[in-house]
$ cat coords-v2.cif   # mmCIF, C-alpha atoms and all ligand atoms
data_work
#
loop_
_atom_site.label_atom_id
_atom_site.label_comp_id
_atom_site.auth_asym_id
_atom_site.auth_seq_id
_atom_site.Cartn_x
_atom_site.Cartn_y
_atom_site.Cartn_z
CA MET P 1 85.92 96.35 74.18
CA ILE P 2 86.00 96.63 77.95
CA HIS P 3 82.71 95.70 79.55
CA ILE P 4 80.54 98.42 81.11
CA ASP P 5 77.23 97.70 82.82
CA ALA P 6 75.44 100.64 81.19
CA ALA P 7 72.18 100.31 83.16
CA THR P 8 73.92 100.40 86.55
CA HIS P 9 76.17 103.23 85.42
CA LEU P 10 73.23 105.33 84.25
CA ARG P 11 71.26 104.67 87.43
CA TYR P 12 74.10 105.83 89.71
CA ALA P 13 75.30 108.66 87.44
CA THR P 14 71.83 110.18 87.09
CA ILE P 15 71.21 110.29 90.85
CA LEU P 16 74.68 111.70 91.54
CA THR P 17 74.48 114.35 88.81
CA ASN P 18 71.02 115.43 89.97
CA ALA P 19 72.44 115.83 93.48
CA GLY P 20 75.11 118.19 92.11
CA TYR P 21 78.11 115.83 91.99
CA THR P 22 80.58 116.34 89.18
CA PHE P 23 83.32 114.09 87.84
CA GLN P 24 86.40 116.03 86.83
CA PRO P 25 89.88 115.28 85.48
CA PHE P 26 92.57 114.71 88.11
CA THR P 27 94.58 117.90 87.55
CA GLU P 28 97.45 119.26 89.61
CA GLU P 29 95.17 121.44 91.75
CA TRP P 30 93.73 118.21 93.21
CA HIS P 31 97.05 116.55 94.05
CA GLU P 32 97.20 117.63 97.68
CA GLN P 33 93.63 116.65 98.52
CA VAL P 34 93.83 113.35 96.65
CA TYR P 35 97.14 112.54 98.36
CA SER P 36 95.47 113.14 101.71
CA LEU P 37 92.47 110.99 100.67
CA PHE P 38 94.65 108.04 99.66
CA LYS P 39 96.83 108.44 102.75
CA THR P 40 93.72 108.22 104.93
CA TYR P 41 92.00 105.28 103.25
CA ILE P 42 94.62 103.17 101.50
CA ARG P 43 97.24 101.40 103.52
CA ARG P 44 99.96 101.61 100.91
CA PHE P 45 98.86 103.59 97.92
CA ALA P 46 100.54 103.31 94.54
CA SER P 47 100.09 106.82 93.10
CA SER P 48 103.21 108.94 92.76
CA PHE P 49 101.28 112.08 91.72
CA ARG P 50 103.57 112.59 88.77
CA GLU P 51 102.41 110.64 85.77
CA GLU P 52 98.94 109.48 86.73
CA GLU P 53 95.80 110.37 84.96
CA GLY P 54 92.61 110.17 86.93
CA ILE P 55 89.11 111.20 87.81
CA VAL P 56 87.94 113.08 90.89
CA CYS P 57 84.38 113.22 92.17
CA VAL P 58 83.37 116.52 93.74
CA ASP P 59 80.14 117.25 95.64
CA ALA P 60 77.79 120.21 95.08
CA LYS P 61 79.82 122.34 97.52
CA GLY P 62 83.10 121.64 95.75
CA THR P 63 84.38 119.15 98.33
CA LEU P 64 86.36 116.15 97.13
CA ALA P 65 84.33 112.93 97.59
CA GLY P 66 86.53 110.37 95.88
CA ALA P 67 89.29 109.77 93.36
CA LEU P 68 90.62 107.18 90.94
CA THR P 69 94.13 107.26 89.48
CA TYR P 70 95.57 105.19 86.66
CA THR P 71 98.27 105.11 83.99
CA VAL P 72 97.95 103.97 80.39
CA ARG P 73 101.02 102.16 79.11
CA GLU P 74 101.82 101.69 75.45
CA LEU P 75 103.18 98.15 75.14
CA ASP P 76 104.40 96.37 71.98
CA TYR P 77 101.08 94.62 71.56
CA GLY P 78 98.73 97.42 72.59
CA ARG P 79 97.62 99.73 75.36
CA ILE P 80 96.97 98.58 78.91
CA ALA P 81 95.58 100.74 81.73
CA TYR P 82 96.85 100.17 85.25
CA ILE P 83 94.68 101.29 88.12
CA HIS P 84 96.83 102.79 90.88
CA ASP P 85 94.36 103.82 93.57
CA LEU P 86 90.66 104.22 94.19
CA ALA P 87 89.09 105.68 97.32
CA VAL P 88 85.82 107.31 98.33
CA LYS P 89 85.49 109.18 101.64
CA THR P 90 83.45 107.20 104.16
CA ALA P 91 80.60 109.72 104.25
CA TYR P 92 80.15 109.46 100.48
CA ARG P 93 80.20 105.68 100.08
CA ASN P 94 77.54 103.33 98.68
CA GLN P 95 76.09 105.89 96.31
CA GLY P 96 77.87 104.55 93.25
CA ILE P 97 80.76 107.05 93.16
CA GLY P 98 83.43 104.34 92.91
CA THR P 99 81.44 102.44 90.29
CA VAL P 100 80.86 105.54 88.17
CA MET P 101 84.57 106.44 88.22
CA LEU P 102 85.55 102.89 87.22
CA ASN P 103 82.96 102.92 84.43
CA MET P 104 84.20 106.31 83.23
CA LEU P 105 87.71 104.87 83.10
CA ALA P 106 86.40 101.92 81.05
CA GLY P 107 84.61 104.34 78.69
CA ARG P 108 87.80 106.36 78.18
CA CYS P 109 89.76 103.17 77.59
CA ASN P 110 87.30 102.02 74.93
CA GLU P 111 87.54 105.42 73.21
CA HIS P 112 91.35 105.23 73.18
CA GLY P 113 91.76 101.62 72.14
CA VAL P 114 92.96 100.36 75.52
CA LEU P 115 92.72 96.55 75.52
CA ARG P 116 92.57 95.80 79.23
CA ILE P 117 92.36 97.47 82.61
CA ILE P 118 94.38 95.74 85.28
CA GLY P 119 95.37 96.38 88.86
CA ASN P 120 95.46 94.72 92.23
CA CYS P 121 93.26 95.02 95.24
CA HIS P 122 92.76 93.75 98.75
CA LYS P 123 91.07 90.33 98.84
CA ASP P 124 88.05 91.78 100.65
CA LEU P 125 87.37 93.94 97.60
CA ARG P 126 87.22 91.07 95.13
CA PRO P 127 83.38 91.00 95.20
CA TYR P 128 83.30 94.75 94.63
CA TYR P 129 85.41 94.56 91.48
CA ARG P 130 83.62 91.42 90.28
CA ARG P 131 80.26 93.13 90.33
CA ILE P 132 81.68 95.86 88.12
CA GLY P 133 82.88 93.30 85.56
CA TYR P 134 86.43 92.56 86.64
CA ARG P 135 87.84 89.08 87.00
CA THR P 136 89.88 88.67 90.16
CA PHE P 137 92.69 86.26 90.96
CA PRO P 138 94.16 85.26 94.31
CA ALA P 139 97.72 86.24 95.14
CA LYS P 140 100.46 84.24 93.42
CA ILE P 141 98.11 82.96 90.72
CA PRO P 142 99.76 84.01 87.47
CA ILE P 143 97.70 85.62 84.75
CA VAL P 144 98.61 86.22 81.14
CA ILE P 145 97.12 89.10 79.22
CA PRO P 146 95.64 87.28 76.19
CA GLU P 147 96.83 89.87 73.68
CA ASP P 148 100.42 89.58 74.94
CA PRO P 149 102.29 87.47 72.34
CA THR P 150 105.18 86.92 74.76
CA GLY P 151 102.83 85.16 77.20
CA THR P 152 104.39 87.03 80.13
CA LEU P 153 103.08 85.87 83.48
CA ASN P 154 101.82 88.63 85.77
CA ILE P 155 101.95 87.64 89.42
CA CYS P 156 100.88 89.80 92.32
CA ARG P 157 103.03 89.37 95.43
CA ASP P 158 101.94 92.48 97.24
CA ARG P 159 101.39 91.80 100.93
CA TYR P 160 98.36 93.99 101.45
CA TYR P 161 96.70 94.23 98.06
CA SER P 162 97.33 90.67 97.03
CA CYS P 163 94.78 90.13 94.34
CA TRP P 164 94.95 90.79 90.65
CA MET P 165 91.96 92.12 88.86
CA TRP P 166 91.38 92.85 85.22
CA ASN P 167 88.45 93.61 83.01
CA PRO P 168 88.28 91.17 80.12
CA ALA P 169 86.72 92.15 76.81
C1 LIG P 201 86.02 100.45 97.64
C2 LIG P 201 85.39 101.84 97.61
C3 LIG P 201 86.22 102.71 96.66
C4 LIG P 201 83.95 101.74 97.09
O1 LIG P 201 83.47 103.06 96.85
P1 LIG P 201 81.89 103.38 96.83
O2 LIG P 201 81.71 104.65 96.08
O3 LIG P 201 81.33 103.30 98.19
O4 LIG P 201 81.34 102.14 95.99
P2 LIG P 201 79.96 102.11 95.22
O5 LIG P 201 79.00 103.07 95.85
O6 LIG P 201 80.27 102.26 93.78
O7 LIG P 201 79.46 100.64 95.52
C5 LIG P 201 78.45 100.20 94.75
C6 LIG P 201 77.98 98.87 95.22
O8 LIG P 201 79.05 98.03 95.67
C7 LIG P 201 78.76 97.55 96.97
N1 LIG P 201 80.02 97.52 97.72
C8 LIG P 201 80.66 98.56 98.28
N2 LIG P 201 81.79 98.14 98.89
C9 LIG P 201 81.84 96.79 98.70
C10 LIG P 201 82.76 95.77 99.09
N3 LIG P 201 83.85 96.04 99.82
N4 LIG P 201 82.47 94.50 98.70
C11 LIG P 201 81.38 94.20 97.97
N5 LIG P 201 80.47 95.13 97.57
C12 LIG P 201 80.71 96.40 97.94
C13 LIG P 201 77.78 98.55 97.55
O9 LIG P 201 76.98 97.93 98.53
C14 LIG P 201 76.98 98.95 96.34
O10 LIG P 201 76.00 97.98 96.02
P3 LIG P 201 74.45 98.37 95.82
O11 LIG P 201 74.37 99.54 94.88
O12 LIG P 201 73.87 97.12 95.27
O13 LIG P 201 73.99 98.73 97.19
C15 LIG P 201 85.36 102.46 99.03
O14 LIG P 201 84.72 101.54 99.89
C16 LIG P 201 86.71 102.83 99.59
O15 LIG P 201 87.20 103.94 99.36
N6 LIG P 201 87.33 101.93 100.38
C17 LIG P 201 88.60 102.22 101.04
C18 LIG P 201 89.74 102.36 100.08
C19 LIG P 201 90.02 101.09 99.33
O16 LIG P 201 90.02 100.01 99.87
N7 LIG P 201 90.26 101.27 98.00
C20 LIG P 201 90.54 100.21 97.09
C21 LIG P 201 91.99 99.93 97.04
S1 LIG P 201 92.25 98.56 95.90
#
$ encode --input "coords-v2.cif" --output "structure tokens"
Amino acid sequence: MIHIDAATHLRYATILTNAGYTFQPFTEEWHEQVYSLFKTYIRRFASSFREEEGIVCVDAKGTLAGALTYTVRELDYGRIAYIHDLAVKTAYRNQGIGTVMLNMLAGRCNEHGVLRIIGNCHKDLRPYYRRIGYRTFPAKIPIVIPEDPTGTLNICRDRYYSCWMWNPA
């Protein structure tokens, strides 16, 4: 099972829900706004807006506050979720929106038998992902997904987001 810090999740989610925030599926009607969000806040975003699933956070007035996109891949040895992009508008930060979306992703993954969530991030964000339960690895450090019987090495060489992260069981 993918780890979720339930107490932190509940604390953030309760405050946000009481303030009128909702967390909704990333459907086509959100594509344009989410594209603009990622374009503003992520130097080189990975989403293609074709095959991603995702979660959007919307405030009480219906304005987009943040979004998370990911893809679940069915591999020979099991399902792995890849995070593409995560961003929260500046005015909405530090209220737990990013954490709640990542925890919701972990919850969905656990429901659907996904073994691991992986992705890469900028090195400055390593502490952020660590506090949520991810392990992070510097660029060029190979990692092997333990369930992978082929022992394939995964190495991140991305120039800007040069850090692997994954959420171990
Ligand atoms: C990273 C990002 C998504 C975080 O969103 P957020 O909704 O503000 O994050 P949260 O509110 O869930 O943060 C919760 C906690 O993490 C801490 N935190 C936030 N950003 C952090 C960072 N860069 N490093 C370490 N801790 C961080 C907050 O202080 C808060 O802690 P607290 O509750 O103890 O005060 C947001 O800063 C962002 O959109 N950044 C620009 C886009 C980006 O870099 N995306 C990631 C691409 S890999």
$ atom_distance --input "coords-v2.cif" --atom1 "CA of Ile2 in chain P" --atom2 "CA of Arg79 in chain P"
12.3 Å
$ residues_around --input "coords-v2.cif" --residues "Tyr35 in chain P" --least-positions-apart "6" --cutoff "10 Å" --atoms "all atoms listed in the file" --output "CSV table (one decimal) with C-alpha atoms, keeping the file's coordinate frame"
chain,number,residue,atom,x,y,z
P,45,PHE,CA,98.9,103.6,97.9
P,47,SER,CA,100.1,106.8,93.1
P,48,SER,CA,103.2,108.9,92.8
P,49,PHE,CA,101.3,112.1,91.7
P,67,ALA,CA,89.3,109.8,93.4
$ closest_residue --input "coords-v2.cif" --among "P:Thr136, P:Asn94, P:Asn103, P:Thr27" --to "ligand LIG 201 (chain P)" --atoms "only C-alpha atoms and all ligand atoms"
P:Asn94
$ atom_distance --input "coords-v2.cif" --atom1 "CA of Arg157 in chain P" --atom2 "CA of Arg73 in chain P"
20.8 Å
$ residues_around --input "coords-v2.cif" --residues "range 107-114 of chain P" --least-positions-apart "3" --cutoff "12 Å" --atoms "only C-alpha atoms" --output "MDAnalysis selection string"
chainID P and resid 1:6 9 25 53:55 70:75 77:83 100:104 117:118 147 167:169
$ residues_near_ligand --input "coords-v2.cif" --ligand "ligand LIG 201 (chain P)" --cutoff "6 Å" --atoms "all atoms listed in the file" --output "number ranges by chain"
P: 41-42, 85-89, 93-99, 121-122, 125, 127-128
$ atom_distance --input "coords-v2.cif" --atom1 "CA of Leu105 in chain P" --atom2 "CA of Pro138 in chain P"
23.5 Å
$ residues_around --input "coords-v2.cif" --residues "Ala19 in chain P" --least-positions-apart "3" --cutoff "9 Å" --atoms "all atoms listed in the file" --output "short mmCIF file (atom, residue, chain, number, x, y, z; two decimals) with C-alpha atoms, keeping the file's coordinate frame"
data_model
loop_
_atom_site.label_atom_id
_atom_site.label_comp_id
_atom_site.auth_asym_id
_atom_site.auth_seq_id
_atom_site.Cartn_x
_atom_site.Cartn_y
_atom_site.Cartn_z
CA THR P 14 71.83 110.18 87.09
CA ILE P 15 71.21 110.29 90.85
CA LEU P 16 74.68 111.70 91.54
CA ASP P 59 80.14 117.25 95.64
CA ALA P 60 77.79 120.21 95.08
#
$ closest_residue --input "coords-v2.cif" --among "P:Thr22, P:Ile141, P:Arg11, P:Asp148" --to "Trp164 in chain P" --atoms "only C-alpha atoms"
P:Ile141
$ axis_aligned_box --input "coords-v2.cif" --around "range 122-130 of chain P" --padding-each-side "5 Å" --output "lines of an AutoDock Vina configuration file"
center_x = 88.0
center_y = 92.5
center_z = 95.5
size_x = 19.5
size_y = 14.4
size_z = 20.4
$ closest_residue --input "coords-v2.cif" --among "P:Val58, P:Pro149, P:Arg44, P:His31" --to "Asp76 in chain P" --atoms "all atoms listed in the file"
P:Pro149
$ residues_around --input "coords-v2.cif" --residues "Val56 in chain P" --least-positions-apart "6" --cutoff "7 Å" --atoms "all atoms listed in the file" --output "PyMOL selection string"
chain P and resi 23-26+66-68
$ write_last_selection --input "coords-v2.cif" --atoms "C-alpha atoms" --output "PDB file, keeping the file's coordinate frame"
ATOM      1  CA  PHE P  23      83.320 114.090  87.840  1.00  0.00           C
ATOM      2  CA  GLN P  24      86.400 116.030  86.830  1.00  0.00           C
ATOM      3  CA  PRO P  25      89.880 115.280  85.480  1.00  0.00           C
ATOM      4  CA  PHE P  26      92.570 114.710  88.110  1.00  0.00           C
ATOM      5  CA  GLY P  66      86.530 110.370  95.880  1.00  0.00           C
ATOM      6  CA  ALA P  67      89.290 109.770  93.360  1.00  0.00           C
ATOM      7  CA  LEU P  68      90.620 107.180  90.940  1.00  0.00           C
TER       8      LEU P  68
END
$ closest_residue --input "coords-v2.cif" --among "P:Arg130, P:Pro142, P:Met165, P:Tyr92" --to "Arg116 in chain P" --atoms "all atoms listed in the file"
P:Met165
$ closest_residue --input "coords-v2.cif" --among "P:Cys156, P:Ala46, P:Thr17, P:Lys39" --to "Ala139 in chain P" --atoms "all atoms listed in the file"
P:Cys156
$ closest_residue --input "coords-v2.cif" --among "P:Ile155, P:Ala13, P:Cys163, P:Ala65" --to "Arg135 in chain P" --atoms "all atoms listed in the file"
P:Cys163
